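The structure under discussion appears below in the form of structure tokens.
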Amino acid sequence: MTRGRLPHADGARDRAGAFRASGRELDAAGVTDPALREAYRHCRRLNARHGRTYFLATRLLPVERRPAVHALYGFARKADDIVDALGTDAGPARRDAGLAALQRELDRGLRDGDSREPVVRAVVDTARRYGIDHGHFADFMTAMRSDLVVTDYPDYAALRRYMHGSAAVIGLQMLPVLGTVVPRETAAPHAAALGVAFQLTNFLRDVGEDLDRGRVYLPADLLAAHGVDRALLRWSRDTGHRDRRITSALEEFAALTRGVYREAAPGLRMLEPVSRPCIRAAFVLYGAILDAVARDGYAVVHRRAVVPRRRRAVVAADGLARVLAARLRARDAAVRPADLRAPVPYDAMGVPLPEGAV
């Protein structure tokens with residue numbers, strides 16, 4: 001710590017800065033009700049605290065659209081925290097009751113337009129403002145309830161069915177907020193795939209932590225093809241010993257995940273130009289988690305791989321440059337249909353190249 005600096009004073013300045021930032025966002029979004037503003041601020045704090053990559057990317061969105069993204073994240077985080085309840089004595093019955101209470105509050109909020117629960121109040125307002133399909137929230141809650149009883153998946157098809165509710169619908173919820181330059185149904189499959197790609201990335205990164213929660217998200221048939229089962233993963237986690245069979249299975253899962261990123265990539269150019277820098281930054285940063293896992297020798301059973309801060313800063317700077325360029329082009333930007341049909345060029349790391357790159 002630098003001599004003479006007061007941590008509490010720095011924290012106060014940070015909080016004041018965050019308060020002003022959230023105020024600008026809410027003013028731009030036209031949110032005036034004090035209780036609703038505080039609900040959105042609560043969601044923003046959750047995003048900033050827990051969704052570091054997601055929050056960084058959100059800062060690249062037009063200011064008036066950020067509260068909606070915070071609300072969607074805040075609601076998903078609330079449900080996820082109820083399901084996990086790691087480090088508490090909350091058993092399945094208590095967590096099921098917590099999810100049921102959240103579901104009732106959501107249903108009431110979507111019906112009546114308001115809620116006493118901050119994350120529900122904000123997400124209900126967001127759903128109304130952007131016309132988000134209420135079915136996406138129902139599918140998400142179904143997936144959250146399944147996490148209370150399902151602890152592994154026999155194959156990728158079963159995992160993908162689960163991820164429709166846990167991840168794909170998050171991409172579909174985001175789409176009205178981001179806006180598209182094509183019919184929304186054209187962009188929807190790519191948005192859903194991006195949600196799945198992000199979650200697969202998290203599954204790979206969090207193998208050890210999920211194992212401690214009693215869950216294995218890597219498909220059983222993929223693991224078995226490499227001679228791996230839950231018992232071997234548990235042994236490796238408990239002893240700290242590596243096993244080449246586990247590494248091989250994780251490498252295959254990473255390759256599968258990169259394939260889903262390729263499914264998602266064409267959708268980046270289908271978004272409104274002012275939204276593309278945000279989603280491209282998320283695309284690059286989440287893809288960088290796969291790179292970090294590989295650099296760390298696929299040791300995710302033992303520790304979480306982290307994207308270097310310098311890499312995050314570079315991506316953020318690139319995103320800011322793209323935001324400025326998009327704003328300059330916003331009045332006359334147009335996407336030719338032929339461009340949308342053209343193959344998406346990638347660099348050596350599997351990241352879509354900028355528009356016009358050869």
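By order of appearance in the structure tokens: chains A, B, ..., then residues from 1 within every chain, and ligands from 1 in the order shown.
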
request  = Output as an NGL selection string all residues of range 93-273 of chain A that backbone DSSP marks as alpha helix (DSSP H).
outcome  = :A and (93-112 or 118-130 or 134-146 or 156-163 or 169-178 or 184-205 or 207-212 or 220-224 or 230-239 or 244-264)

Keeping only C-alpha atoms, write the selected residues as a CSV table (one decimal), in the first residue's frame.
```
chain,number,residue,atom,x,y,z
A,93,ALA,CA,-35.1,-28.4,0.1
A,94,ARG,CA,-34.2,-24.9,1.4
A,95,ARG,CA,-32.7,-23.9,-2.0
A,96,ASP,CA,-35.7,-25.3,-3.8
A,97,ALA,CA,-37.9,-23.1,-1.5
A,98,GLY,CA,-35.7,-20.1,-2.3
A,99,LEU,CA,-36.1,-20.7,-6.1
A,100,ALA,CA,-39.8,-21.2,-5.7
A,101,ALA,CA,-40.1,-17.9,-3.8
A,102,LEU,CA,-38.1,-16.1,-6.5
A,103,GLN,CA,-40.3,-17.7,-9.2
A,104,ARG,CA,-43.4,-16.5,-7.5
A,105,GLU,CA,-42.0,-13.0,-7.2
A,106,LEU,CA,-41.0,-13.0,-10.9
A,107,ASP,CA,-44.4,-14.2,-12.0
A,108,ARG,CA,-46.1,-11.6,-9.9
A,109,GLY,CA,-43.8,-8.9,-11.2
A,110,LEU,CA,-44.2,-9.8,-14.8
A,111,ARG,CA,-48.0,-9.8,-14.3
A,112,ASP,CA,-48.3,-6.6,-12.2
A,118,PRO,CA,-34.8,-5.4,-6.2
A,119,VAL,CA,-33.5,-7.7,-9.0
A,120,VAL,CA,-37.0,-8.7,-10.0
A,121,ARG,CA,-38.2,-5.1,-10.0
A,122,ALA,CA,-35.3,-4.1,-12.3
A,123,VAL,CA,-35.6,-7.1,-14.6
A,124,VAL,CA,-39.4,-6.7,-14.9
A,125,ASP,CA,-38.9,-3.1,-16.0
A,126,THR,CA,-36.3,-4.2,-18.5
A,127,ALA,CA,-38.5,-6.9,-19.9
A,128,ARG,CA,-41.3,-4.3,-20.4
A,129,ARG,CA,-39.0,-1.7,-21.9
A,130,TYR,CA,-37.4,-4.0,-24.4
A,134,HIS,CA,-41.3,-13.9,-20.7
A,135,GLY,CA,-40.8,-17.5,-21.8
A,136,HIS,CA,-37.1,-17.0,-21.6
A,137,PHE,CA,-37.3,-16.3,-17.9
A,138,ALA,CA,-39.5,-19.4,-17.4
A,139,ASP,CA,-36.9,-21.6,-19.3
A,140,PHE,CA,-34.1,-20.1,-17.2
A,141,MET,CA,-35.8,-20.9,-13.9
A,142,THR,CA,-36.5,-24.4,-15.1
A,143,ALA,CA,-32.8,-24.9,-15.7
A,144,MET,CA,-32.0,-23.5,-12.3
A,145,ARG,CA,-34.3,-26.0,-10.6
A,146,SER,CA,-32.7,-28.9,-12.4
A,156,TYR,CA,-23.4,-33.4,-24.9
A,157,ALA,CA,-27.0,-33.5,-26.2
A,158,ALA,CA,-28.3,-33.7,-22.6
A,159,LEU,CA,-25.9,-30.9,-21.6
A,160,ARG,CA,-27.1,-28.8,-24.5
A,161,ARG,CA,-30.7,-29.2,-23.5
A,162,TYR,CA,-29.9,-28.0,-20.0
A,163,MET,CA,-28.0,-25.0,-21.5
A,169,VAL,CA,-31.9,-17.8,-23.3
A,170,ILE,CA,-29.5,-15.3,-21.7
A,171,GLY,CA,-28.3,-14.5,-25.2
A,172,LEU,CA,-31.9,-14.3,-26.4
A,173,GLN,CA,-32.8,-11.9,-23.6
A,174,MET,CA,-29.9,-9.7,-24.5
A,175,LEU,CA,-30.8,-9.5,-28.2
A,176,PRO,CA,-33.6,-6.9,-27.9
A,177,VAL,CA,-31.3,-4.7,-25.7
A,178,LEU,CA,-28.4,-4.9,-28.2
A,184,ARG,CA,-34.2,-10.7,-34.8
A,185,GLU,CA,-35.0,-14.3,-35.7
A,186,THR,CA,-32.0,-14.3,-38.0
A,187,ALA,CA,-29.6,-13.3,-35.3
A,188,ALA,CA,-31.3,-15.4,-32.5
A,189,PRO,CA,-29.5,-18.7,-33.2
A,190,HIS,CA,-26.1,-16.9,-33.0
A,191,ALA,CA,-27.0,-15.1,-29.8
A,192,ALA,CA,-28.1,-18.3,-28.2
A,193,ALA,CA,-24.9,-20.0,-29.3
A,194,LEU,CA,-22.8,-17.2,-27.7
A,195,GLY,CA,-24.6,-17.7,-24.4
A,196,VAL,CA,-23.8,-21.4,-24.6
A,197,ALA,CA,-20.2,-20.7,-25.6
A,198,PHE,CA,-19.7,-18.5,-22.5
A,199,GLN,CA,-21.2,-21.1,-20.2
A,200,LEU,CA,-19.1,-23.9,-21.7
A,201,THR,CA,-16.1,-21.7,-21.0
A,202,ASN,CA,-17.2,-21.3,-17.4
A,203,PHE,CA,-17.7,-25.0,-17.1
A,204,LEU,CA,-14.1,-25.7,-18.2
A,205,ARG,CA,-12.7,-23.0,-16.0
A,207,VAL,CA,-14.2,-27.9,-13.1
A,208,GLY,CA,-12.7,-28.1,-9.7
A,209,GLU,CA,-15.1,-25.7,-8.0
A,210,ASP,CA,-18.1,-27.4,-9.6
A,211,LEU,CA,-16.8,-30.8,-8.4
A,212,ASP,CA,-16.8,-29.4,-4.8
A,220,ALA,CA,-19.9,-38.4,-19.2
A,221,ASP,CA,-19.4,-40.0,-22.6
A,222,LEU,CA,-16.6,-37.4,-23.5
A,223,LEU,CA,-14.9,-38.2,-20.2
A,224,ALA,CA,-15.2,-41.9,-20.6
A,230,ARG,CA,-16.1,-38.6,-11.5
A,231,ALA,CA,-14.0,-40.8,-9.1
A,232,LEU,CA,-10.8,-39.9,-11.0
A,233,LEU,CA,-11.6,-36.2,-11.1
A,234,ARG,CA,-12.3,-36.4,-7.3
A,235,TRP,CA,-9.0,-38.2,-6.7
A,236,SER,CA,-7.1,-35.6,-8.7
A,237,ARG,CA,-8.8,-32.7,-6.9
A,238,ASP,CA,-8.2,-34.2,-3.5
A,239,THR,CA,-4.6,-35.2,-4.0
A,244,ARG,CA,-2.9,-37.2,-18.6
A,245,ARG,CA,-6.3,-38.8,-19.2
A,246,ILE,CA,-8.0,-35.8,-17.6
A,247,THR,CA,-5.9,-33.4,-19.6
A,248,SER,CA,-6.9,-35.1,-22.8
A,249,ALA,CA,-10.6,-34.9,-21.9
A,250,LEU,CA,-10.3,-31.2,-21.0
A,251,GLU,CA,-8.5,-30.5,-24.3
A,252,GLU,CA,-11.4,-32.1,-26.2
A,253,PHE,CA,-13.9,-30.1,-24.2
A,254,ALA,CA,-12.0,-26.9,-25.0
A,255,ALA,CA,-12.1,-27.8,-28.8
A,256,LEU,CA,-15.8,-28.4,-28.6
A,257,THR,CA,-16.3,-25.0,-26.9
A,258,ARG,CA,-14.3,-23.3,-29.6
A,259,GLY,CA,-16.6,-24.8,-32.1
A,260,VAL,CA,-19.6,-23.2,-30.4
A,261,TYR,CA,-17.8,-19.8,-30.6
A,262,ARG,CA,-17.6,-20.4,-34.3
A,263,GLU,CA,-21.4,-20.9,-34.4
A,264,ALA,CA,-21.9,-17.7,-32.6
```

query = Which polymer residues have any atom within 9 Å of an atom of range 57-67 of chain A, counting only C-alpha atoms, with same-chain residues fewer than 3 positions away left out, as an MDAnalysis selection string?
reply = chainID A and resid 22 24:30 40:41 43:44 52:54 70:72 122 126 177:178 274:282 285 316 319:320 322:323

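Compared by their closest atoms to Gly91 in chain A, and using only C-alpha atoms, the residues A:Ala76, A:Val149, A:Leu290, A:Ile132 rank with A:Val149 nearest.
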
request  = Would you mind telling me which residue in A:Gly214, A:Pro183, A:Gly165, A:Gly227 lies nearest to Val150 in chain A when using only C-alpha atoms?
outcome  = A:Gly214

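For the pair CA of Gly23 in chain A and CA of Arg37 in chain A, the separation is 8.2 Å.
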
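Ranking A:Pro266, A:Pro219, A:Gly297, A:Gly74 by their shortest atom-to-atom distance to Asp152 in chain A, with only C-alpha atoms included, puts A:Pro219 first.
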
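CA of Tyr217 in chain A is positioned 7.6 Å from CA of Thr151 in chain A.
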
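CA of Gly179 in chain A is positioned 5.8 Å from CA of Leu271 in chain A.
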